[in-house]
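The structure appears right after this line, and notes come after that.
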2 protein chains.
Amino acid sequence: MNQTVGQLGEQGVLKLVQQFCPADIVGDDAAVLATNPGASIVVTTDVLVDKVHFSDRTTPPHSAGWRAIAANLSDLAAMGATPLGITVGLGLPPETSVSWVEALYQGMSDCLQQFGGAIVGGDVVRSPVRTIAITAWGQVNPEQVIRRSGAQVNDVIIATGVHGAARAGLACLLSEGSTFSAAEQVALIRAHQYPQPRLNVAYQCHQLGRVAGMDSSDGLADAVLQICRSSNVGAEITYMPMPPALQKHPQGKDWTLYGGEDFELVLCITPSDAQTLLQQFTDIRIVGHITSALHVWLRDSRFEPELLRLDRGFQHFAPPG
Amino acid sequence: MNQTVGQLGEQGVLKLVQQFCPADIVGDDAAVLATNPGASIVVTTDVLVDKVHFSDRTTPPHSAGWRAIAANLSDLAAMGATPLGITVGLGLPPETSVSWVEALYQGMSDCLQQFGGAIVGGDVVRSPVRTIAITAWGQVNPEQVIRRSGAQVNDVIIATGVHGAARAGLACLLSEGSTFSAAEQVALIRAHQYPQPRLNVAYQCHQLGRVAGMDSSDGLADAVLQICRSSNVGAEITYMPMPPALQKHPQGKDWTLYGGEDFELVLCITPSDAQTLLQQFTDIRIVGHITSALHVWLRDSRFEPELLRLDRGFQHFAPPG
């Protein structure tokens, strides 16, 4: 039961992971997938390193696998794309237990099962540190690509779900969240370990007009600031979509703005398109609007007004004069 | 000049590597590329780990970058596909020198410049070990996909280039190649450090009829054995394409059969299609033919006849009774 990857050998590990791939994909130098006529291909990639991006303390292997896939599917959703396939490059120390690898792939597979796409290729190699390199690709009608650069003045900013829950869940896992009730902790930890890429909302955007946006992998504030920088506009955030558990928490505002890894979508659309979406999803909110001022302000009546900035190295966004 | 990645910071490293990407690709959650109408997408991925797959002793960073790309483009060539794009996931210890990263990307970029494709996305993260995760994708007319499984009895087996040179070059780099002349060493080391993916031959295959095959990344013998296993046929190798320097070398035969990393193509086609290809390329050879016997024999008049096997773990190929 506690067999290691080193004991199983390379061919054994390959056989194990190929069980999670469609049978007709395995066996050539590369995977082949059909695309819709006229579709553009969207590709995104992430590298995750043990103790840097995941750890046994906060993410059991099933969750590590789920999150790795969810993050990449969220990038596809942020572009308006439908998942086609995933490649998984895995670096493993020989002493890694086989059950860890199985649980990792089961987590990836469960996420793909729910949201679409399949593991169509990969590589398993020896490495001194557990490393997961995911590349996801999808397809999109070129006229339905969602880009950061398309926001226009008077657009409504909508956000899916809530923000800050994943960061609060991490705090709970690191025993820094003792002010939450047991039930709140369960929900917040689930938000951290099993984020839900918002492909459902991305697909509904295909029926709308112009859509600009991105996902909130680096936080709500980052998403709004990046969209504004790319679109050469400003914004006011008038409603922060906080989880109830965070409303009175001392770090609730910070985690909601800057926590990251909620993998929700932040979209800029016309007010009438916003009404269309609001009728289709109960968990999306208008969180602000686009302005011509080139600044991003937090003007939520529950908090003091505050000018938001990309402080950590994003010098491209011109600071207010 | 000797600045480290840690000193440059994440944003600085990202800016550095983005210089090697087309300007219109950078800036969204994922890269978007157009495809030909009706094309299928081919994807392949490799993970390379410092001191496992490359090392400063044998592969300076420019060569490490070139080889990483060449190996993946060779997989695309082996499928008959045209390169579209590459994603590069990079794990770097903070003490890595910036010049190492620059040379790595220059090597990748030089290989792409020569053979097609572009770096369209990536991820740079902190890791305790230098790790390069490459995913390459390309497009192919679904009717022109080259698979391992299409070989038929009486097909001619052709191989591009020579085999064993990359392994001999590695021996030279590891100071195990002292029996070679200085000029031979230069050529063999070049074969190891700068392999040439055979997209030129792959493209010419589009004008032929049925083509089965793969690349010889794991050696000539492995390629023939894998094709035979997938196609449920056997083969005779009647001419080993050895580099002149290896003809009298005690390990010449072994390196030619099992050395690997020459990244040539091994293709099974009809005799008349073979004549067409032989007229177009001076460096391809007929190396054998497909048989119904389910065994793979070496029957090169320069050597004793020998039955070849996938000994190291490839149990799927039925051993001769």
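Ligands are numbered from 1 in the order shown, chains are lettered A, B, ... in the order of the structure tokens, and residues start at 1 in each chain.
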Long-range neighbours of segment 43-45 of chain A as a VMD selection string, 6 Å cut-off, only C-alpha atoms, 4 positions minimum in chain: (chain A and resid 134 to 137) or (chain B and resid 30 to 31 122)
Give the residues of chain B that lie within 6 Å of chain A; count only C-alpha atoms, and format the answer as a list of chain:residue names. B:Asp29, B:Ala30, B:Ala31, B:Val32, B:Leu33, B:Ala34, B:Pro37, B:Gly38, B:Ser40, B:Ile41, B:Val42, B:Val43, B:Thr44, B:Thr45, B:Asp46, B:Val47, B:Asp75, B:Gly89, B:Gly122, B:Asp123
Suppose we keep C-alpha atoms; can you now write the selection as a PDB file, in the first residue's frame?
ATOM      1  CA  ASP B  29      -4.772  35.099 -19.038  1.00  0.00           C
ATOM      2  CA  ALA B  30      -3.849  32.874 -21.949  1.00  0.00           C
ATOM      3  CA  ALA B  31      -2.458  33.085 -25.470  1.00  0.00           C
ATOM      4  CA  VAL B  32      -4.766  32.940 -28.494  1.00  0.00           C
ATOM      5  CA  LEU B  33      -3.631  31.516 -31.815  1.00  0.00           C
ATOM      6  CA  ALA B  34      -5.520  31.034 -35.034  1.00  0.00           C
ATOM      7  CA  PRO B  37      -9.802  25.520 -40.962  1.00  0.00           C
ATOM      8  CA  GLY B  38     -10.241  21.818 -40.322  1.00  0.00           C
ATOM      9  CA  SER B  40      -6.360  19.060 -35.804  1.00  0.00           C
ATOM     10  CA  ILE B  41      -4.250  20.214 -32.898  1.00  0.00           C
ATOM     11  CA  VAL B  42      -1.232  18.211 -31.777  1.00  0.00           C
ATOM     12  CA  VAL B  43       0.216  18.731 -28.306  1.00  0.00           C
ATOM     13  CA  THR B  44       3.320  17.357 -26.634  1.00  0.00           C
ATOM     14  CA  THR B  45       5.070  18.130 -23.371  1.00  0.00           C
ATOM     15  CA  ASP B  46       8.406  17.512 -21.646  1.00  0.00           C
ATOM     16  CA  VAL B  47       9.768  18.278 -18.204  1.00  0.00           C
ATOM     17  CA  ASP B  75       7.606  15.218 -31.482  1.00  0.00           C
ATOM     18  CA  GLY B  89       7.201  26.857 -17.501  1.00  0.00           C
ATOM     19  CA  GLY B 122       4.675  30.614 -19.760  1.00  0.00           C
ATOM     20  CA  ASP B 123       5.162  30.776 -16.068  1.00  0.00           C
TER      21      ASP B 123
END
Any idea what's packed within 8 Å of Cys228 of chain A, counting only C-alpha atoms, ignoring anything in its chain fewer than 6 positions away? Could you give it as a list of chain:residue names?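 What passes the distance filter is A:Arg148, A:Ser149, A:Ala151, A:Gly234, A:Ala235, A:Leu294, A:Val296.
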Quick one: DSSP strand (DSSP E or B) residues in segment 135-307 of chain A, as a ChimeraX atom specification? /A:135-140,147,156-160,212-215,234-237,265-269,284-291,296-298,306-307
Residues of segment 18-104 of chain A in helix (DSSP H, G or I) according to DSSP, as a PyMOL selection string? chain A and resi 18+61-78+98-104
